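Containing PDB, C-alpha atoms and all ligand atoms: work-v6.pdb.
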```pdb
ATOM      1  CA  MET L   1       0.000   0.000   0.000
ATOM      2  CA  LYS L   2       1.240   3.493  -0.883
ATOM      3  CA  ILE L   3       0.381   6.482   1.284
ATOM      4  CA  LEU L   4       1.191  10.010   0.145
ATOM      5  CA  ALA L   5       1.877  12.331   3.075
ATOM      6  CA  ILE L   6       1.419  16.092   2.702
ATOM      7  CA  SER L   7       2.433  18.653   5.301
ATOM      8  CA  GLY L   8       0.609  21.973   5.337
ATOM      9  CA  SER L   9       3.867  23.628   6.368
ATOM     10  CA  ILE L  10       6.895  23.966   4.097
ATOM     11  CA  ARG L  11       9.371  25.249   6.687
ATOM     12  CA  LYS L  12      12.356  23.041   7.469
ATOM     13  CA  GLY L  13      11.573  22.541  11.166
ATOM     14  CA  SER L  14       7.860  21.967  10.645
ATOM     15  CA  LEU L  15       6.186  20.159  13.520
ATOM     16  CA  ASN L  16       3.558  18.856  11.105
ATOM     17  CA  THR L  17       6.217  17.329   8.883
ATOM     18  CA  GLN L  18       7.729  15.764  12.003
ATOM     19  CA  LEU L  19       4.317  14.376  12.888
ATOM     20  CA  LEU L  20       4.043  12.764   9.445
ATOM     21  CA  LYS L  21       7.500  11.227   9.876
ATOM     22  CA  ALA L  22       6.436   9.833  13.254
ATOM     23  CA  ALA L  23       3.244   8.499  11.634
ATOM     24  CA  ALA L  24       5.331   6.828   8.910
ATOM     25  CA  GLU L  25       7.081   4.804  11.614
ATOM     26  CA  CYS L  26       3.732   3.374  12.742
ATOM     27  CA  VAL L  27       3.009   1.406   9.554
ATOM     28  CA  ASP L  28       4.095  -2.146   8.781
ATOM     29  CA  GLN L  29       6.539  -3.206   6.075
ATOM     30  CA  GLY L  30       3.912  -3.660   3.386
ATOM     31  CA  THR L  31       3.046   0.039   3.508
ATOM     32  CA  SER L  32       5.112   2.990   2.300
ATOM     33  CA  VAL L  33       4.561   6.572   3.420
ATOM     34  CA  GLU L  34       6.143   9.107   1.079
ATOM     35  CA  LEU L  35       6.284  12.839   1.790
ATOM     36  CA  PHE L  36       5.368  15.332  -0.939
ATOM     37  CA  ASP L  37       6.842  18.820  -0.479
ATOM     38  CA  LEU L  38       4.457  21.623  -1.485
ATOM     39  CA  ALA L  39       7.231  24.248  -1.695
ATOM     40  CA  ASP L  40       7.337  24.319  -5.516
ATOM     41  CA  ILE L  41       3.596  24.555  -6.147
ATOM     42  CA  PRO L  42       2.818  27.965  -7.712
ATOM     43  CA  PHE L  43      -0.227  30.033  -6.800
ATOM     44  CA  TYR L  44      -3.331  28.778  -8.545
ATOM     45  CA  ASN L  45      -3.837  30.719 -11.740
ATOM     46  CA  GLY L  46      -6.571  29.779 -14.201
ATOM     47  CA  ASP L  47      -4.286  30.872 -17.039
ATOM     48  CA  LEU L  48      -1.861  28.066 -16.109
ATOM     49  CA  ASP L  49      -4.632  25.502 -15.655
ATOM     50  CA  GLY L  50      -4.749  24.091 -19.169
ATOM     51  CA  ASP L  51      -3.987  20.683 -20.633
ATOM     52  CA  THR L  52      -0.377  21.232 -19.609
ATOM     53  CA  LYS L  53      -0.027  22.295 -15.999
ATOM     54  CA  PRO L  54       3.065  23.582 -14.157
ATOM     55  CA  ALA L  55       5.520  20.711 -13.552
ATOM     56  CA  ALA L  56       5.138  20.774  -9.751
ATOM     57  CA  VAL L  57       1.351  20.613 -10.090
ATOM     58  CA  GLN L  58       1.581  17.676 -12.487
ATOM     59  CA  ALA L  59       3.897  15.943 -10.028
ATOM     60  CA  LEU L  60       1.397  16.518  -7.217
ATOM     61  CA  GLN L  61      -1.533  15.228  -9.253
ATOM     62  CA  GLU L  62       0.415  12.150 -10.353
ATOM     63  CA  ALA L  63       1.592  11.427  -6.819
ATOM     64  CA  ILE L  64      -1.983  11.596  -5.526
ATOM     65  CA  ALA L  65      -3.297   9.480  -8.414
ATOM     66  CA  ASN L  66      -0.654   6.799  -7.752
ATOM     67  CA  ALA L  67      -1.260   6.655  -3.996
ATOM     68  CA  ASP L  68      -3.794   4.384  -2.308
ATOM     69  CA  GLY L  69      -4.400   7.008   0.345
ATOM     70  CA  LEU L  70      -3.484  10.529   1.398
ATOM     71  CA  LEU L  71      -2.353  11.615   4.843
ATOM     72  CA  ILE L  72      -2.370  15.355   5.551
ATOM     73  CA  ALA L  73      -0.989  17.090   8.630
ATOM     74  CA  THR L  74      -1.837  20.757   8.896
ATOM     75  CA  PRO L  75      -0.881  23.639  11.134
ATOM     76  CA  GLU L  76      -3.529  26.161  12.133
ATOM     77  CA  TYR L  77      -3.127  29.667  10.707
ATOM     78  CA  ASN L  78      -5.695  32.139  11.997
ATOM     79  CA  TYR L  79      -8.160  29.362  12.807
ATOM     80  CA  SER L  80      -7.863  27.758   9.357
ATOM     81  CA  VAL L  81      -5.428  25.952   7.074
ATOM     82  CA  PRO L  82      -2.320  27.688   5.665
ATOM     83  CA  GLY L  83      -2.682  29.151   2.192
ATOM     84  CA  VAL L  84       0.056  26.783   0.978
ATOM     85  CA  LEU L  85      -2.166  23.786   1.702
ATOM     86  CA  LYS L  86      -5.401  25.340   0.425
ATOM     87  CA  ASN L  87      -3.606  26.330  -2.778
ATOM     88  CA  ALA L  88      -2.308  22.789  -3.330
ATOM     89  CA  ILE L  89      -5.786  21.355  -2.764
ATOM     90  CA  ASP L  90      -7.228  23.885  -5.210
ATOM     91  CA  TRP L  91      -4.776  22.712  -7.892
ATOM     92  CA  ALA L  92      -5.314  19.042  -7.082
ATOM     93  CA  SER L  93      -9.095  19.500  -7.193
ATOM     94  CA  ARG L  94      -9.104  20.222 -10.919
ATOM     95  CA  PRO L  95     -11.052  19.268 -12.982
ATOM     96  CA  ALA L  96     -13.837  19.982 -10.529
ATOM     97  CA  PHE L  97     -15.645  16.931  -9.126
ATOM     98  CA  ASN L  98     -13.556  14.602 -11.274
ATOM     99  CA  SER L  99     -10.057  15.169  -9.935
ATOM    100  CA  VAL L 100      -7.444  12.863  -8.419
ATOM    101  CA  LEU L 101      -8.898  13.747  -5.015
ATOM    102  CA  ARG L 102     -12.302  12.312  -5.835
ATOM    103  CA  GLY L 103     -12.759   9.136  -3.803
ATOM    104  CA  LYS L 104      -9.158   9.188  -2.488
ATOM    105  CA  PRO L 105      -9.255   7.991   1.139
ATOM    106  CA  THR L 106      -7.616  10.699   3.237
ATOM    107  CA  GLY L 107      -6.472  10.983   6.822
ATOM    108  CA  VAL L 108      -6.360  14.441   8.362
ATOM    109  CA  MET L 109      -4.199  15.345  11.358
ATOM    110  CA  SER L 110      -3.091  18.647  12.840
ATOM    111  CA  SER L 111      -0.518  19.968  15.235
ATOM    112  CA  SER L 112       0.027  23.323  16.807
ATOM    113  CA  MET L 113       1.659  24.902  19.804
ATOM    114  CA  SER L 114      -1.770  25.601  21.286
ATOM    115  CA  THR L 115      -3.610  23.396  23.739
ATOM    116  CA  ILE L 116      -6.148  22.349  21.090
ATOM    117  CA  GLY L 117      -3.594  21.186  18.546
ATOM    118  CA  GLY L 118      -4.971  22.963  15.479
ATOM    119  CA  ALA L 119      -8.408  21.388  15.815
ATOM    120  CA  ARG L 120     -10.099  24.380  14.168
ATOM    121  CA  ALA L 121      -7.885  24.062  11.095
ATOM    122  CA  GLN L 122      -8.651  20.368  10.977
ATOM    123  CA  VAL L 123     -12.395  21.062  10.903
ATOM    124  CA  HIS L 124     -11.888  23.574   8.078
ATOM    125  CA  LEU L 125      -9.793  21.061   6.172
ATOM    126  CA  ARG L 126     -12.522  18.436   6.401
ATOM    127  CA  ASP L 127     -14.974  21.010   5.074
ATOM    128  CA  ILE L 128     -12.699  21.888   2.140
ATOM    129  CA  LEU L 129     -12.298  18.203   1.278
ATOM    130  CA  LEU L 130     -16.080  17.846   1.105
ATOM    131  CA  ALA L 131     -16.004  20.128  -1.934
ATOM    132  CA  THR L 132     -13.481  17.856  -3.647
ATOM    133  CA  LEU L 133     -15.457  14.651  -2.980
ATOM    134  CA  THR L 134     -12.579  13.344  -0.859
ATOM    135  CA  PRO L 135     -13.616  10.796   1.767
ATOM    136  CA  VAL L 136     -12.011  11.610   5.130
ATOM    137  CA  TYR L 137     -11.155   9.145   7.893
ATOM    138  CA  LEU L 138     -13.401  10.229  10.733
ATOM    139  CA  ALA L 139     -12.404   8.570  13.970
ATOM    140  CA  PRO L 140     -10.391   8.641  16.035
ATOM    141  CA  ASP L 141      -9.091  12.076  15.130
ATOM    142  CA  PHE L 142      -5.573  13.149  15.940
ATOM    143  CA  ALA L 143      -4.619  16.683  16.984
ATOM    144  CA  LEU L 144      -1.200  17.186  18.540
ATOM    145  CA  ALA L 145      -1.336  19.919  21.191
ATOM    146  CA  SER L 146       1.733  21.780  22.529
ATOM    147  CA  ALA L 147       3.574  20.398  19.520
ATOM    148  CA  HIS L 148       6.717  22.444  20.229
ATOM    149  CA  THR L 149       7.359  20.266  23.299
ATOM    150  CA  ALA L 150       6.166  16.976  21.788
ATOM    151  CA  PHE L 151       9.332  15.786  19.995
ATOM    152  CA  ASP L 152      12.840  15.025  21.202
ATOM    153  CA  ASP L 153      15.976  15.956  19.237
ATOM    154  CA  ASP L 154      15.669  12.774  17.161
ATOM    155  CA  GLY L 155      12.120  13.639  16.088
ATOM    156  CA  GLN L 156      10.577  10.986  18.329
ATOM    157  CA  LEU L 157       7.373  11.709  20.231
ATOM    158  CA  VAL L 158       8.330  12.104  23.871
ATOM    159  CA  ASP L 159       5.055  11.108  25.483
ATOM    160  CA  GLU L 160       4.278   7.385  25.578
ATOM    161  CA  GLY L 161       0.496   7.971  25.547
ATOM    162  CA  THR L 162       0.744  10.196  22.475
ATOM    163  CA  ARG L 163       2.904   7.593  20.694
ATOM    164  CA  LYS L 164       0.327   4.894  21.431
ATOM    165  CA  PHE L 165      -2.520   7.081  20.264
ATOM    166  CA  LEU L 166      -0.731   7.893  16.990
ATOM    167  CA  GLN L 167      -0.210   4.145  16.500
ATOM    168  CA  LYS L 168      -3.927   3.561  17.099
ATOM    169  CA  TYR L 169      -4.820   6.330  14.648
ATOM    170  CA  MET L 170      -2.510   4.941  11.956
ATOM    171  CA  THR L 171      -3.710   1.350  12.384
ATOM    172  CA  GLY L 172      -7.322   2.486  12.054
ATOM    173  CA  TYR L 173      -6.526   4.752   9.123
ATOM    174  CA  ILE L 174      -4.528   2.110   7.191
ATOM    175  CA  ASN L 175      -7.294  -0.473   7.694
ATOM    176  CA  TRP L 176      -9.824   2.062   6.478
ATOM    177  CA  VAL L 177      -7.740   2.836   3.356
ATOM    178  CA  ALA L 178      -7.423  -0.911   2.712
ATOM    179  CA  SER L 179     -11.209  -1.242   2.829
ATOM    180  CA  HIS L 180     -11.588   1.159  -0.120
TER
HETATM  181  C1  LIG E 201      -0.075  30.619  13.534
HETATM  182  N1  LIG E 201      -0.211  29.736  14.574
HETATM  183  C2  LIG E 201      -1.464  29.458  15.086
HETATM  184  N2  LIG E 201      -1.644  28.448  15.989
HETATM  185  C3  LIG E 201      -2.884  28.134  16.448
HETATM  186  O1  LIG E 201      -3.025  27.210  17.234
HETATM  187  N3  LIG E 201      -3.973  28.838  16.003
HETATM  188  C4  LIG E 201      -3.878  29.849  15.105
HETATM  189  O2  LIG E 201      -4.882  30.428  14.709
HETATM  190  C5  LIG E 201      -2.582  30.187  14.625
HETATM  191  N4  LIG E 201      -2.406  31.183  13.692
HETATM  192  C6  LIG E 201      -1.195  31.357  13.091
HETATM  193  C7  LIG E 201      -1.075  32.235  12.023
HETATM  194  C8  LIG E 201       0.118  32.355  11.351
HETATM  195  C9  LIG E 201       0.225  33.282  10.176
HETATM  196  C10 LIG E 201       1.246  31.626  11.780
HETATM  197  C11 LIG E 201       2.568  31.741  11.044
HETATM  198  C12 LIG E 201       1.161  30.775  12.854
HETATM  199  C13 LIG E 201       0.942  28.966  15.077
HETATM  200  C14 LIG E 201       1.201  27.730  14.227
HETATM  201  O3  LIG E 201       0.133  26.830  14.262
HETATM  202  C15 LIG E 201       2.466  27.053  14.724
HETATM  203  O4  LIG E 201       3.513  27.954  14.489
HETATM  204  C16 LIG E 201       2.735  25.719  14.100
HETATM  205  O5  LIG E 201       3.827  25.133  14.746
HETATM  206  C17 LIG E 201       3.094  25.841  12.651
HETATM  207  O6  LIG E 201       3.208  24.542  12.111
HETATM  208  P1  LIG E 201       4.609  23.951  11.632
HETATM  209  O7  LIG E 201       5.229  24.930  10.682
HETATM  210  O8  LIG E 201       5.461  23.772  12.857
HETATM  211  O9  LIG E 201       4.240  22.647  10.993
END
```

Here is a file; write its structure as structure tokens.
Ligand code: FNR
Amino acid sequence: MKILAISGSIRKGSLNTQLLKAAAECVDQGTSVELFDLADIPFYNGDLDGDTKPAAVQALQEAIANADGLLIATPEYNYSVPGVLKNAIDWASRPAFNSVLRGKPTGVMSSSMSTIGGARAQVHLRDILLATLTPVYLAPDFALASAHTAFDDDGQLVDEGTRKFLQKYMTGYINWVASH
């Protein structure tokens, strides 16, 4: 099984990217989790949205098409998702209602320094994915609070309970993807 992981943050030290790397360690050998970096995706522009799309957009669409499932981890920016992530979803959602996102089983996680772990952004993200006909894994949901204290220097989750819960989330999510 191939899972494509997308972080809503493109900065080097992103806690959401770290969360995806920790999630990748929770899957068994038959499953690969590959990160896709959104840094090269240009702003959506209808003039560029023809038969030939910008190379980074084509790469994103192909990566989604070739994956069995998507796993997104998003920060919260002003109670919603970062523009970088919304922009990538806008590109990936074309052509409308018949895009690579349609029917693609998707897990949604969030992390933030706040005590609610980006939960508001996560709710917005689920709403956005409704428009793209993307089925979202519903429960349990995973929001990493106080994310700036959650990882050690090796990128490992410090708290045993959090590690176990991420494992539970990933097991449920992978089984759900397999059922599609
Ligand atoms: C934030 N941050 C933030 N956090 C939060 O919990 N709620 C919020 O509404 C916001 N708003 C917000 C706006 C902007 C413009 C920035 C840059 C940041 C903090 C943010 O979630 C935090 O820095 C995360 O750690 C960013 O994720 P990465 O880059 O570590 O993955």

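Across the model, the gap from atom CA of L:Val57 to atom CA of L:Ala119 is 27.7 Å.
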
Residues in the PyMOL selection byres (((not hetatm)) within 7 of (chain E and resi 201)), expressed as an MDAnalysis selection string | chainID L and resid 8:11 13:17 74:80 111:114 116:118 147:148

Computed gap from atom CA of L:Pro82 to atom CA of L:Tyr137 is 20.7 Å

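With distances restricted to all atoms listed in the file, L:Thr31 is the closest residue to L:Met170 from L:Gln61, L:Thr31, L:Thr132, L:Asn87.
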
Taking into account all atoms listed in the file, which residue in the set L:Thr115, L:Asn45, L:Thr171, L:Ser110 is nearest to L:Leu19?
->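 Nearest candidate to L:Leu19 out of L:Thr115, L:Asn45, L:Thr171, L:Ser110: L:Ser110.
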
For L:Gly103, please output as a PyMOL selection string all residues within 8 Å (counting only C-alpha atoms; exclusion window: fewer than 5 positions along the same chain).
-> chain L and resi 133-135

Would you kindly translate the PyMOL selection byres (((chain L and resi 24) around 10) and not hetatm) into the concrete residues it picks from this file, as number ranges by chain?
-> L: 3, 5, 18-23, 25-28, 31-35, 71, 167, 170

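Put simply, atom CA of L:Asp37 is 28.9 Å away from atom CA of L:Gly161.
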
Please work out which residues fall within 10 Å of (-4.7, 15.0, -7.4), coordinates as given in the file, with all atoms listed in the file counting, and return them as a list in words.
->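 Looking at atoms near the point gives Val57, Gln58, Ala59, Leu60, Gln61, Glu62, Ala63, Ile64, Ala65, Asn66, Ala67, Leu70, Ala88, Ile89, Asp90, Trp91, Ala92, Ser93, Arg94, Pro95, Asn98, Ser99, Val100, Leu101, Arg102, Lys104 and Thr132 of chain L.
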
Selected residues written out, C-alpha atoms, as a PDB file, keeping the file's coordinate frame:
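selection31.pdb, freshly written:
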```
ATOM      1  CA  VAL L  57       1.351  20.613 -10.090  1.00  0.00           C
ATOM      2  CA  GLN L  58       1.581  17.676 -12.487  1.00  0.00           C
ATOM      3  CA  ALA L  59       3.897  15.943 -10.028  1.00  0.00           C
ATOM      4  CA  LEU L  60       1.397  16.518  -7.217  1.00  0.00           C
ATOM      5  CA  GLN L  61      -1.533  15.228  -9.253  1.00  0.00           C
ATOM      6  CA  GLU L  62       0.415  12.150 -10.353  1.00  0.00           C
ATOM      7  CA  ALA L  63       1.592  11.427  -6.819  1.00  0.00           C
ATOM      8  CA  ILE L  64      -1.983  11.596  -5.526  1.00  0.00           C
ATOM      9  CA  ALA L  65      -3.297   9.480  -8.414  1.00  0.00           C
ATOM     10  CA  ASN L  66      -0.654   6.799  -7.752  1.00  0.00           C
ATOM     11  CA  ALA L  67      -1.260   6.655  -3.996  1.00  0.00           C
ATOM     12  CA  LEU L  70      -3.484  10.529   1.398  1.00  0.00           C
ATOM     13  CA  ALA L  88      -2.308  22.789  -3.330  1.00  0.00           C
ATOM     14  CA  ILE L  89      -5.786  21.355  -2.764  1.00  0.00           C
ATOM     15  CA  ASP L  90      -7.228  23.885  -5.210  1.00  0.00           C
ATOM     16  CA  TRP L  91      -4.776  22.712  -7.892  1.00  0.00           C
ATOM     17  CA  ALA L  92      -5.314  19.042  -7.082  1.00  0.00           C
ATOM     18  CA  SER L  93      -9.095  19.500  -7.193  1.00  0.00           C
ATOM     19  CA  ARG L  94      -9.104  20.222 -10.919  1.00  0.00           C
ATOM     20  CA  PRO L  95     -11.052  19.268 -12.982  1.00  0.00           C
ATOM     21  CA  ASN L  98     -13.556  14.602 -11.274  1.00  0.00           C
ATOM     22  CA  SER L  99     -10.057  15.169  -9.935  1.00  0.00           C
ATOM     23  CA  VAL L 100      -7.444  12.863  -8.419  1.00  0.00           C
ATOM     24  CA  LEU L 101      -8.898  13.747  -5.015  1.00  0.00           C
ATOM     25  CA  ARG L 102     -12.302  12.312  -5.835  1.00  0.00           C
ATOM     26  CA  LYS L 104      -9.158   9.188  -2.488  1.00  0.00           C
ATOM     27  CA  THR L 132     -13.481  17.856  -3.647  1.00  0.00           C
TER      28      THR L 132
END
```

List as a short mmCIF file (atom, residue, chain, number, x, y, z; two decimals) with C-alpha atoms, keeping the file's coordinate frame the protein and nucleic acid residues near L:Thr162, meaning an atom at most 12 Å away when only C-alpha atoms are counted, but skip any in the same chain fewer than 2 places from it.
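See result.cif below for the written result:
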```cif
data_model
loop_
_atom_site.label_atom_id
_atom_site.label_comp_id
_atom_site.auth_asym_id
_atom_site.auth_seq_id
_atom_site.Cartn_x
_atom_site.Cartn_y
_atom_site.Cartn_z
CA LEU L 19 4.32 14.38 12.89
CA ALA L 22 6.44 9.83 13.25
CA ALA L 23 3.24 8.50 11.63
CA PHE L 142 -5.57 13.15 15.94
CA ALA L 143 -4.62 16.68 16.98
CA LEU L 144 -1.20 17.19 18.54
CA ALA L 145 -1.34 19.92 21.19
CA SER L 146 1.73 21.78 22.53
CA ALA L 147 3.57 20.40 19.52
CA ALA L 150 6.17 16.98 21.79
CA PHE L 151 9.33 15.79 20.00
CA GLN L 156 10.58 10.99 18.33
CA LEU L 157 7.37 11.71 20.23
CA VAL L 158 8.33 12.10 23.87
CA ASP L 159 5.06 11.11 25.48
CA GLU L 160 4.28 7.38 25.58
CA LYS L 164 0.33 4.89 21.43
CA PHE L 165 -2.52 7.08 20.26
CA LEU L 166 -0.73 7.89 16.99
CA GLN L 167 -0.21 4.14 16.50
CA LYS L 168 -3.93 3.56 17.10
CA TYR L 169 -4.82 6.33 14.65
#
```

List the residues matched by the PyMOL selection byres (((chain L and resi 177) around 8) and not hetatm) in the displayed structure as a PyMOL selection string, ordered by chain and then by residue number.
-> chain L and resi 68-69+105-106+173-176+178-180

Could you rebuild stretch 57-80 of chain L with N, CA, C and O atoms and give it back as an mmCIF file, keeping the file's coordinate frame?
```
data_model
loop_
_atom_site.group_PDB
_atom_site.id
_atom_site.type_symbol
_atom_site.label_atom_id
_atom_site.label_comp_id
_atom_site.auth_asym_id
_atom_site.auth_seq_id
_atom_site.Cartn_x
_atom_site.Cartn_y
_atom_site.Cartn_z
ATOM 1 N N VAL L 57 2.772 20.977 -10.233
ATOM 2 C CA VAL L 57 1.351 20.613 -10.090
ATOM 3 C C VAL L 57 1.110 19.230 -10.699
ATOM 4 O O VAL L 57 0.414 18.388 -10.117
ATOM 5 N N GLN L 58 1.705 19.008 -11.868
ATOM 6 C CA GLN L 58 1.581 17.676 -12.487
ATOM 7 C C GLN L 58 2.135 16.607 -11.558
ATOM 8 O O GLN L 58 1.543 15.532 -11.404
ATOM 9 N N ALA L 59 3.279 16.915 -10.948
ATOM 10 C CA ALA L 59 3.897 15.943 -10.028
ATOM 11 C C ALA L 59 2.958 15.661 -8.856
ATOM 12 O O ALA L 59 2.812 14.507 -8.427
ATOM 13 N N LEU L 60 2.327 16.699 -8.338
ATOM 14 C CA LEU L 60 1.397 16.518 -7.217
ATOM 15 C C LEU L 60 0.209 15.661 -7.651
ATOM 16 O O LEU L 60 -0.170 14.704 -6.949
ATOM 17 N N GLN L 61 -0.364 15.987 -8.794
ATOM 18 C CA GLN L 61 -1.533 15.228 -9.253
ATOM 19 C C GLN L 61 -1.177 13.761 -9.504
ATOM 20 O O GLN L 61 -1.952 12.867 -9.159
ATOM 21 N N GLU L 62 -0.004 13.541 -10.094
ATOM 22 C CA GLU L 62 0.415 12.150 -10.353
ATOM 23 C C GLU L 62 0.662 11.400 -9.053
ATOM 24 O O GLU L 62 0.285 10.236 -8.910
ATOM 25 N N ALA L 63 1.299 12.086 -8.101
ATOM 26 C CA ALA L 63 1.592 11.427 -6.819
ATOM 27 C C ALA L 63 0.294 11.047 -6.113
ATOM 28 O O ALA L 63 0.189 9.958 -5.524
ATOM 29 N N ILE L 64 -0.697 11.919 -6.161
ATOM 30 C CA ILE L 64 -1.983 11.596 -5.526
ATOM 31 C C ILE L 64 -2.656 10.443 -6.276
ATOM 32 O O ILE L 64 -3.159 9.489 -5.659
ATOM 33 N N ALA L 65 -2.643 10.530 -7.612
ATOM 34 C CA ALA L 65 -3.297 9.480 -8.414
ATOM 35 C C ALA L 65 -2.680 8.111 -8.141
ATOM 36 O O ALA L 65 -3.392 7.096 -8.097
ATOM 37 N N ASN L 66 -1.356 8.076 -7.940
ATOM 38 C CA ASN L 66 -0.654 6.799 -7.752
ATOM 39 C C ASN L 66 -0.704 6.267 -6.328
ATOM 40 O O ASN L 66 -0.249 5.156 -6.060
ATOM 41 N N ALA L 67 -1.217 7.079 -5.403
ATOM 42 C CA ALA L 67 -1.260 6.655 -3.996
ATOM 43 C C ALA L 67 -2.594 5.967 -3.699
ATOM 44 O O ALA L 67 -3.624 6.287 -4.292
ATOM 45 N N ASP L 68 -2.543 5.014 -2.765
ATOM 46 C CA ASP L 68 -3.794 4.384 -2.308
ATOM 47 C C ASP L 68 -4.530 5.298 -1.342
ATOM 48 O O ASP L 68 -5.757 5.232 -1.228
ATOM 49 N N GLY L 69 -3.769 6.107 -0.620
ATOM 50 C CA GLY L 69 -4.400 7.008 0.345
ATOM 51 C C GLY L 69 -3.542 8.234 0.576
ATOM 52 O O GLY L 69 -2.347 8.233 0.283
ATOM 53 N N LEU L 70 -4.173 9.276 1.057
ATOM 54 C CA LEU L 70 -3.484 10.529 1.398
ATOM 55 C C LEU L 70 -3.485 10.709 2.910
ATOM 56 O O LEU L 70 -4.466 10.332 3.567
ATOM 57 N N LEU L 71 -2.409 11.288 3.425
ATOM 58 C CA LEU L 71 -2.353 11.615 4.843
ATOM 59 C C LEU L 71 -1.857 13.059 4.946
ATOM 60 O O LEU L 71 -0.746 13.365 4.522
ATOM 61 N N ILE L 72 -2.708 13.935 5.476
ATOM 62 C CA ILE L 72 -2.370 15.355 5.551
ATOM 63 C C ILE L 72 -2.207 15.758 7.014
ATOM 64 O O ILE L 72 -3.040 15.400 7.850
ATOM 65 N N ALA L 73 -1.144 16.486 7.298
ATOM 66 C CA ALA L 73 -0.989 17.090 8.630
ATOM 67 C C ALA L 73 -0.906 18.598 8.442
ATOM 68 O O ALA L 73 -0.069 19.089 7.678
ATOM 69 N N THR L 74 -1.780 19.312 9.109
ATOM 70 C CA THR L 74 -1.837 20.757 8.896
ATOM 71 C C THR L 74 -1.611 21.560 10.172
ATOM 72 O O THR L 74 -2.095 21.178 11.242
ATOM 73 N N PRO L 75 -0.889 22.664 10.039
ATOM 74 C CA PRO L 75 -0.881 23.639 11.134
ATOM 75 C C PRO L 75 -2.193 24.438 11.101
ATOM 76 O O PRO L 75 -2.959 24.329 10.137
ATOM 77 N N GLU L 76 -2.393 25.237 12.137
ATOM 78 C CA GLU L 76 -3.529 26.161 12.133
ATOM 79 C C GLU L 76 -2.989 27.570 11.954
ATOM 80 O O GLU L 76 -2.136 28.003 12.728
ATOM 81 N N TYR L 77 -3.474 28.260 10.911
ATOM 82 C CA TYR L 77 -3.127 29.667 10.707
ATOM 83 C C TYR L 77 -4.419 30.468 10.819
ATOM 84 O O TYR L 77 -5.330 30.297 9.993
ATOM 85 N N ASN L 78 -4.504 31.302 11.826
ATOM 86 C CA ASN L 78 -5.695 32.139 11.997
ATOM 87 C C ASN L 78 -6.984 31.327 11.904
ATOM 88 O O ASN L 78 -7.898 31.641 11.142
ATOM 89 N N TYR L 79 -7.002 30.262 12.658
ATOM 90 C CA TYR L 79 -8.160 29.362 12.807
ATOM 91 C C TYR L 79 -8.469 28.539 11.556
ATOM 92 O O TYR L 79 -9.533 27.923 11.474
ATOM 93 N N SER L 80 -7.582 28.531 10.575
ATOM 94 C CA SER L 80 -7.863 27.758 9.357
ATOM 95 C C SER L 80 -6.581 27.094 8.867
ATOM 96 O O SER L 80 -5.597 27.011 9.598
#
```
